[in-house]
Amino acid sequence: MQKNENIEPRALSEEEKENRKHEVFDSFANYLSFCPNCGYVDRTNMYLMRAESRIKKLCDNGEKCPECGKCCWELGYPKRTRTGFVDFE
């Protein structure tokens, strides 16, 4: 794993989480897996099901964050986006 300094993650909002429970999601979005404790981004540019699978695997294997040592992976988007698409300045 290598830290991506260009992406600041954010967790899904409560509305987005609730929508996900009802199978409502942005099928074109780029999701990411990250550590909510320190903001370490594990992987980016994944479709939703792949990102959820990645997070499940990290948690099931007890994979710890290389930055803070916690195992608390979460699904998210780049900060300041609603769709997961981000422009780099």
# chains A, B, ... in the order shown; residues from 1 in each chain; ligands from 1

$ select_by_dssp --residues "segment 3-89 of chain A" --states "alpha helix (DSSP H)" --output "PyMOL selection string"
chain A and resi 14-21+48-60

$ write_last_selection --atoms "N, CA, C and O atoms" --output "mmCIF file, in the first residue's frame"
data_model
loop_
_atom_site.group_PDB
_atom_site.id
_atom_site.type_symbol
_atom_site.label_atom_id
_atom_site.label_comp_id
_atom_site.auth_asym_id
_atom_site.auth_seq_id
_atom_site.Cartn_x
_atom_site.Cartn_y
_atom_site.Cartn_z
ATOM 1 N N GLU A 14 -24.759 10.391 5.626
ATOM 2 C CA GLU A 14 -25.850 9.545 6.123
ATOM 3 C C GLU A 14 -26.879 9.307 5.019
ATOM 4 O O GLU A 14 -27.415 8.212 4.890
ATOM 5 N N GLU A 15 -27.156 10.343 4.236
ATOM 6 C CA GLU A 15 -28.094 10.198 3.115
ATOM 7 C C GLU A 15 -27.577 9.186 2.101
ATOM 8 O O GLU A 15 -28.332 8.328 1.620
ATOM 9 N N GLU A 16 -26.285 9.264 1.778
ATOM 10 C CA GLU A 16 -25.693 8.323 0.823
ATOM 11 C C GLU A 16 -25.712 6.900 1.373
ATOM 12 O O GLU A 16 -25.976 5.946 0.634
ATOM 13 N N LYS A 17 -25.450 6.745 2.665
ATOM 14 C CA LYS A 17 -25.494 5.413 3.286
ATOM 15 C C LYS A 17 -26.916 4.855 3.262
ATOM 16 O O LYS A 17 -27.117 3.670 2.986
ATOM 17 N N GLU A 18 -27.883 5.702 3.559
ATOM 18 C CA GLU A 18 -29.276 5.271 3.546
ATOM 19 C C GLU A 18 -29.702 4.896 2.125
ATOM 20 O O GLU A 18 -30.373 3.881 1.917
ATOM 21 N N ASN A 19 -29.303 5.691 1.154
ATOM 22 C CA ASN A 19 -29.606 5.372 -0.240
ATOM 23 C C ASN A 19 -28.996 4.035 -0.643
ATOM 24 O O ASN A 19 -29.614 3.250 -1.357
ATOM 25 N N ARG A 20 -27.786 3.782 -0.176
ATOM 26 C CA ARG A 20 -27.096 2.531 -0.514
ATOM 27 C C ARG A 20 -27.882 1.331 0.001
ATOM 28 O O ARG A 20 -27.961 0.297 -0.668
ATOM 29 N N LYS A 21 -28.490 1.459 1.180
ATOM 30 C CA LYS A 21 -29.305 0.370 1.737
ATOM 31 C C LYS A 21 -30.478 0.034 0.822
ATOM 32 O O LYS A 21 -30.968 -1.083 0.820
ATOM 33 N N LEU A 48 -18.443 0.758 -7.015
ATOM 34 C CA LEU A 48 -18.991 0.538 -5.677
ATOM 35 C C LEU A 48 -18.807 -0.888 -5.171
ATOM 36 O O LEU A 48 -18.295 -1.099 -4.071
ATOM 37 N N MET A 49 -19.215 -1.865 -5.945
ATOM 38 C CA MET A 49 -19.145 -3.244 -5.465
ATOM 39 C C MET A 49 -17.702 -3.678 -5.232
ATOM 40 O O MET A 49 -17.403 -4.408 -4.295
ATOM 41 N N ARG A 50 -16.788 -3.203 -6.055
ATOM 42 C CA ARG A 50 -15.374 -3.542 -5.871
ATOM 43 C C ARG A 50 -14.848 -2.883 -4.600
ATOM 44 O O ARG A 50 -14.084 -3.492 -3.840
ATOM 45 N N ALA A 51 -15.240 -1.649 -4.351
ATOM 46 C CA ALA A 51 -14.790 -0.948 -3.137
ATOM 47 C C ALA A 51 -15.347 -1.625 -1.886
ATOM 48 O O ALA A 51 -14.630 -1.813 -0.900
ATOM 49 N N GLU A 52 -16.614 -2.007 -1.925
ATOM 50 C CA GLU A 52 -17.201 -2.704 -0.779
ATOM 51 C C GLU A 52 -16.509 -4.040 -0.542
ATOM 52 O O GLU A 52 -16.248 -4.420 0.602
ATOM 53 N N SER A 53 -16.190 -4.730 -1.605
ATOM 54 C CA SER A 53 -15.478 -6.006 -1.501
ATOM 55 C C SER A 53 -14.076 -5.797 -0.917
ATOM 56 O O SER A 53 -13.616 -6.581 -0.084
ATOM 57 N N ARG A 54 -13.411 -4.738 -1.347
ATOM 58 C CA ARG A 54 -12.069 -4.426 -0.840
ATOM 59 C C ARG A 54 -12.120 -4.162 0.668
ATOM 60 O O ARG A 54 -11.292 -4.664 1.429
ATOM 61 N N ILE A 55 -13.086 -3.377 1.113
ATOM 62 C CA ILE A 55 -13.217 -3.049 2.529
ATOM 63 C C ILE A 55 -13.517 -4.299 3.344
ATOM 64 O O ILE A 55 -12.936 -4.518 4.402
ATOM 65 N N LYS A 56 -14.388 -5.141 2.834
ATOM 66 C CA LYS A 56 -14.711 -6.393 3.529
ATOM 67 C C LYS A 56 -13.459 -7.246 3.678
ATOM 68 O O LYS A 56 -13.183 -7.803 4.747
ATOM 69 N N LYS A 57 -12.677 -7.343 2.611
ATOM 70 C CA LYS A 57 -11.444 -8.143 2.645
ATOM 71 C C LYS A 57 -10.456 -7.570 3.669
ATOM 72 O O LYS A 57 -9.861 -8.314 4.447
ATOM 73 N N LEU A 58 -10.275 -6.257 3.657
ATOM 74 C CA LEU A 58 -9.358 -5.630 4.618
ATOM 75 C C LEU A 58 -9.790 -5.923 6.053
ATOM 76 O O LEU A 58 -8.970 -6.270 6.901
ATOM 77 N N CYS A 59 -11.094 -5.792 6.314
ATOM 78 C CA CYS A 59 -11.619 -6.021 7.670
ATOM 79 C C CYS A 59 -11.550 -7.496 8.053
ATOM 80 O O CYS A 59 -11.136 -7.832 9.169
ATOM 81 N N ASP A 60 -11.952 -8.365 7.139
ATOM 82 C CA ASP A 60 -11.935 -9.805 7.418
ATOM 83 C C ASP A 60 -10.521 -10.313 7.703
ATOM 84 O O ASP A 60 -10.330 -11.201 8.526
#

$ atom_distance --atom1 "atom CA of Cys65 of chain A" --atom2 "atom CA of Tyr40 of chain A"
7.3 Å

$ atom_distance --atom1 "atom CA of Glu23 of chain A" --atom2 "atom CA of Glu8 of chain A"
25.8 Å

$ residues_around --residues "segment 9-11 of chain A" --least-positions-apart "3" --cutoff "9 Å" --atoms "only C-alpha atoms" --output "MDAnalysis selection string"
chainID A and resid 32:36 39:41 74:81

$ write_last_selection --atoms "all heavy atoms" --output "compact mmCIF listing (two decimals), in the first residue's frame"
# COMPACT_ATOMS: atom_id res chain seq x y z
N LEU A 32 -13.63 4.98 -3.00
CA LEU A 32 -12.32 4.66 -2.44
C LEU A 32 -12.49 3.99 -1.09
O LEU A 32 -13.53 4.06 -0.47
CB LEU A 32 -11.45 5.92 -2.31
CG LEU A 32 -12.01 7.15 -1.60
CD1 LEU A 32 -11.81 7.06 -0.11
CD2 LEU A 32 -11.34 8.38 -2.15
N SER A 33 -11.44 3.30 -0.67
CA SER A 33 -11.39 2.71 0.67
C SER A 33 -10.34 3.49 1.45
O SER A 33 -9.27 3.78 0.93
CB SER A 33 -11.05 1.22 0.60
OG SER A 33 -9.86 0.99 -0.12
N PHE A 34 -10.70 3.84 2.68
CA PHE A 34 -9.77 4.65 3.47
C PHE A 34 -9.93 4.38 4.96
O PHE A 34 -10.92 3.79 5.40
CB PHE A 34 -9.97 6.14 3.17
CG PHE A 34 -11.20 6.74 3.79
CD1 PHE A 34 -11.09 7.52 4.94
CD2 PHE A 34 -12.45 6.53 3.26
CE1 PHE A 34 -12.23 8.07 5.53
CE2 PHE A 34 -13.59 7.08 3.83
CZ PHE A 34 -13.48 7.85 4.97
N CYS A 35 -8.95 4.83 5.71
CA CYS A 35 -8.98 4.73 7.17
C CYS A 35 -9.57 6.03 7.71
O CYS A 35 -8.97 7.09 7.55
CB CYS A 35 -7.57 4.52 7.72
SG CYS A 35 -7.50 4.56 9.53
N PRO A 36 -10.75 5.97 8.35
CA PRO A 36 -11.35 7.19 8.86
C PRO A 36 -10.61 7.77 10.08
O PRO A 36 -10.79 8.93 10.41
CB PRO A 36 -12.77 6.76 9.25
CG PRO A 36 -12.65 5.31 9.51
CD PRO A 36 -11.58 4.80 8.59
N GLY A 39 -7.17 9.13 7.79
CA GLY A 39 -7.35 9.64 6.43
C GLY A 39 -6.51 8.95 5.38
O GLY A 39 -6.50 9.36 4.22
N TYR A 40 -5.81 7.88 5.76
CA TYR A 40 -5.01 7.14 4.80
C TYR A 40 -5.92 6.53 3.72
O TYR A 40 -6.89 5.86 4.03
CB TYR A 40 -4.24 6.02 5.50
CG TYR A 40 -3.44 5.15 4.57
CD1 TYR A 40 -2.17 5.53 4.17
CD2 TYR A 40 -3.97 3.96 4.07
CE1 TYR A 40 -1.43 4.72 3.31
CE2 TYR A 40 -3.25 3.16 3.21
CZ TYR A 40 -1.98 3.55 2.83
OH TYR A 40 -1.27 2.77 1.97
N VAL A 41 -5.61 6.80 2.45
CA VAL A 41 -6.39 6.25 1.33
C VAL A 41 -5.72 4.96 0.87
O VAL A 41 -4.57 4.96 0.43
CB VAL A 41 -6.49 7.26 0.17
CG1 VAL A 41 -7.20 6.63 -1.02
CG2 VAL A 41 -7.21 8.51 0.61
N GLU A 74 -13.22 2.21 5.68
CA GLU A 74 -14.53 2.75 5.35
C GLU A 74 -14.61 3.10 3.86
O GLU A 74 -13.61 3.39 3.22
CB GLU A 74 -14.79 4.00 6.19
CG GLU A 74 -16.23 4.44 6.18
CD GLU A 74 -16.54 5.42 7.29
OE1 GLU A 74 -15.88 5.39 8.35
OE2 GLU A 74 -17.45 6.23 7.09
N LEU A 75 -15.83 3.11 3.37
CA LEU A 75 -16.12 3.46 1.98
C LEU A 75 -16.26 4.97 1.88
O LEU A 75 -16.84 5.61 2.76
CB LEU A 75 -17.44 2.80 1.57
CG LEU A 75 -17.96 3.06 0.17
CD1 LEU A 75 -17.06 2.42 -0.87
CD2 LEU A 75 -19.38 2.52 0.04
N GLY A 76 -15.74 5.56 0.83
CA GLY A 76 -15.87 7.01 0.70
C GLY A 76 -15.63 7.52 -0.70
O GLY A 76 -15.53 6.77 -1.66
N TYR A 77 -15.58 8.83 -0.75
CA TYR A 77 -15.31 9.61 -1.95
C TYR A 77 -14.18 10.59 -1.64
O TYR A 77 -13.91 10.86 -0.48
CB TYR A 77 -16.50 10.51 -2.29
CG TYR A 77 -17.74 9.88 -2.82
CD1 TYR A 77 -18.98 10.18 -2.24
CD2 TYR A 77 -17.72 9.07 -3.94
CE1 TYR A 77 -20.15 9.67 -2.76
CE2 TYR A 77 -18.91 8.56 -4.46
CZ TYR A 77 -20.10 8.86 -3.87
OH TYR A 77 -21.27 8.37 -4.37
N PRO A 78 -13.60 11.19 -2.66
CA PRO A 78 -12.71 12.32 -2.39
C PRO A 78 -13.52 13.46 -1.76
O PRO A 78 -14.68 13.66 -2.10
CB PRO A 78 -12.20 12.71 -3.77
CG PRO A 78 -12.32 11.46 -4.59
CD PRO A 78 -13.57 10.80 -4.08
N LYS A 79 -12.91 14.17 -0.83
CA LYS A 79 -13.58 15.27 -0.13
C LYS A 79 -14.05 16.33 -1.13
O LYS A 79 -13.45 16.52 -2.17
CB LYS A 79 -12.61 15.90 0.86
CG LYS A 79 -13.30 16.65 1.97
CD LYS A 79 -12.33 16.95 3.08
CE LYS A 79 -13.11 17.24 4.34
NZ LYS A 79 -12.30 17.20 5.50
N ARG A 80 -15.14 17.00 -0.78
CA ARG A 80 -15.76 18.06 -1.58
C ARG A 80 -16.37 17.55 -2.88
O ARG A 80 -16.49 18.28 -3.85
CB ARG A 80 -14.78 19.20 -1.85
CG ARG A 80 -14.36 19.95 -0.59
CD ARG A 80 -13.36 21.04 -0.86
NE ARG A 80 -12.08 20.58 -1.33
CZ ARG A 80 -11.12 20.02 -0.59
NH1 ARG A 80 -11.31 19.85 0.69
NH2 ARG A 80 -9.98 19.64 -1.10
N THR A 81 -16.74 16.25 -2.92
CA THR A 81 -17.44 15.73 -4.09
C THR A 81 -18.69 14.99 -3.64
O THR A 81 -18.75 14.50 -2.53
CB THR A 81 -16.58 14.74 -4.92
OG1 THR A 81 -16.37 13.55 -4.15
CG2 THR A 81 -15.26 15.34 -5.32

$ select_by_dssp --residues "chain A" --states "strand (DSSP E)" --output "number ranges by chain"
A: 9-11, 31-34, 41-46, 74-78

$ write_last_selection --atoms "N, CA, C and O atoms" --output "PDB file, in the first residue's frame"
ATOM      1  N   PRO A   9      -9.861  11.981   1.679  1.00  0.00           N
ATOM      2  CA  PRO A   9     -11.108  11.231   1.640  1.00  0.00           C
ATOM      3  C   PRO A   9     -12.211  11.804   2.523  1.00  0.00           C
ATOM      4  O   PRO A   9     -11.955  12.592   3.429  1.00  0.00           O
ATOM      5  N   ARG A  10     -13.419  11.387   2.227  1.00  0.00           N
ATOM      6  CA  ARG A  10     -14.548  11.657   3.102  1.00  0.00           C
ATOM      7  C   ARG A  10     -15.442  10.427   3.090  1.00  0.00           C
ATOM      8  O   ARG A  10     -15.569   9.732   2.082  1.00  0.00           O
ATOM      9  N   ALA A  11     -16.055  10.158   4.228  1.00  0.00           N
ATOM     10  CA  ALA A  11     -16.986   9.036   4.318  1.00  0.00           C
ATOM     11  C   ALA A  11     -18.277   9.392   3.590  1.00  0.00           C
ATOM     12  O   ALA A  11     -18.559  10.562   3.348  1.00  0.00           O
ATOM     13  N   TYR A  31     -15.290   5.246  -6.204  1.00  0.00           N
ATOM     14  CA  TYR A  31     -15.265   5.117  -4.754  1.00  0.00           C
ATOM     15  C   TYR A  31     -13.849   4.818  -4.294  1.00  0.00           C
ATOM     16  O   TYR A  31     -12.983   4.443  -5.075  1.00  0.00           O
ATOM     17  N   LEU A  32     -13.629   4.982  -3.000  1.00  0.00           N
ATOM     18  CA  LEU A  32     -12.322   4.661  -2.437  1.00  0.00           C
ATOM     19  C   LEU A  32     -12.491   3.989  -1.089  1.00  0.00           C
ATOM     20  O   LEU A  32     -13.534   4.059  -0.466  1.00  0.00           O
ATOM     21  N   SER A  33     -11.441   3.296  -0.669  1.00  0.00           N
ATOM     22  CA  SER A  33     -11.392   2.708   0.667  1.00  0.00           C
ATOM     23  C   SER A  33     -10.340   3.489   1.445  1.00  0.00           C
ATOM     24  O   SER A  33      -9.268   3.776   0.927  1.00  0.00           O
ATOM     25  N   PHE A  34     -10.697   3.838   2.680  1.00  0.00           N
ATOM     26  CA  PHE A  34      -9.771   4.649   3.466  1.00  0.00           C
ATOM     27  C   PHE A  34      -9.931   4.381   4.957  1.00  0.00           C
ATOM     28  O   PHE A  34     -10.919   3.791   5.395  1.00  0.00           O
ATOM     29  N   VAL A  41      -5.614   6.796   2.445  1.00  0.00           N
ATOM     30  CA  VAL A  41      -6.388   6.248   1.332  1.00  0.00           C
ATOM     31  C   VAL A  41      -5.719   4.960   0.868  1.00  0.00           C
ATOM     32  O   VAL A  41      -4.574   4.964   0.434  1.00  0.00           O
ATOM     33  N   ASP A  42      -6.467   3.866   0.984  1.00  0.00           N
ATOM     34  CA  ASP A  42      -5.961   2.553   0.596  1.00  0.00           C
ATOM     35  C   ASP A  42      -5.970   2.390  -0.924  1.00  0.00           C
ATOM     36  O   ASP A  42      -4.951   2.148  -1.536  1.00  0.00           O
ATOM     37  N   ARG A  43      -7.154   2.534  -1.510  1.00  0.00           N
ATOM     38  CA  ARG A  43      -7.300   2.419  -2.967  1.00  0.00           C
ATOM     39  C   ARG A  43      -8.351   3.398  -3.446  1.00  0.00           C
ATOM     40  O   ARG A  43      -9.274   3.738  -2.722  1.00  0.00           O
ATOM     41  N   THR A  44      -8.215   3.799  -4.703  1.00  0.00           N
ATOM     42  CA  THR A  44      -9.153   4.743  -5.302  1.00  0.00           C
ATOM     43  C   THR A  44      -9.659   4.202  -6.626  1.00  0.00           C
ATOM     44  O   THR A  44      -9.205   3.157  -7.101  1.00  0.00           O
ATOM     45  N   ASN A  45     -10.575   4.959  -7.232  1.00  0.00           N
ATOM     46  CA  ASN A  45     -11.062   4.679  -8.588  1.00  0.00           C
ATOM     47  C   ASN A  45     -11.667   3.291  -8.728  1.00  0.00           C
ATOM     48  O   ASN A  45     -11.430   2.603  -9.716  1.00  0.00           O
ATOM     49  N   MET A  46     -12.471   2.885  -7.750  1.00  0.00           N
ATOM     50  CA  MET A  46     -13.135   1.591  -7.798  1.00  0.00           C
ATOM     51  C   MET A  46     -14.637   1.797  -7.974  1.00  0.00           C
ATOM     52  O   MET A  46     -15.195   2.769  -7.471  1.00  0.00           O
ATOM     53  N   GLU A  74     -13.217   2.206   5.679  1.00  0.00           N
ATOM     54  CA  GLU A  74     -14.530   2.750   5.350  1.00  0.00           C
ATOM     55  C   GLU A  74     -14.608   3.099   3.862  1.00  0.00           C
ATOM     56  O   GLU A  74     -13.609   3.385   3.220  1.00  0.00           O
ATOM     57  N   LEU A  75     -15.832   3.107   3.367  1.00  0.00           N
ATOM     58  CA  LEU A  75     -16.121   3.460   1.983  1.00  0.00           C
ATOM     59  C   LEU A  75     -16.261   4.974   1.882  1.00  0.00           C
ATOM     60  O   LEU A  75     -16.838   5.606   2.764  1.00  0.00           O
ATOM     61  N   GLY A  76     -15.740   5.565   0.829  1.00  0.00           N
ATOM     62  CA  GLY A  76     -15.872   7.007   0.703  1.00  0.00           C
ATOM     63  C   GLY A  76     -15.634   7.525  -0.701  1.00  0.00           C
ATOM     64  O   GLY A  76     -15.527   6.770  -1.663  1.00  0.00           O
ATOM     65  N   TYR A  77     -15.583   8.828  -0.750  1.00  0.00           N
ATOM     66  CA  TYR A  77     -15.314   9.611  -1.954  1.00  0.00           C
ATOM     67  C   TYR A  77     -14.181  10.586  -1.638  1.00  0.00           C
ATOM     68  O   TYR A  77     -13.909  10.855  -0.476  1.00  0.00           O
ATOM     69  N   PRO A  78     -13.600  11.186  -2.662  1.00  0.00           N
ATOM     70  CA  PRO A  78     -12.708  12.318  -2.393  1.00  0.00           C
ATOM     71  C   PRO A  78     -13.516  13.456  -1.761  1.00  0.00           C
ATOM     72  O   PRO A  78     -14.683  13.664  -2.100  1.00  0.00           O
TER      73      PRO A  78
END

$ atom_distance --atom1 "atom CA of Gly69 of chain A" --atom2 "atom CA of Leu12 of chain A"
22.2 Å

$ closest_residue --among "A:Asn30, A:Asn37, A:Tyr47, A:Ile7" --to "Trp73 of chain A" --atoms "only C-alpha atoms"
A:Asn37
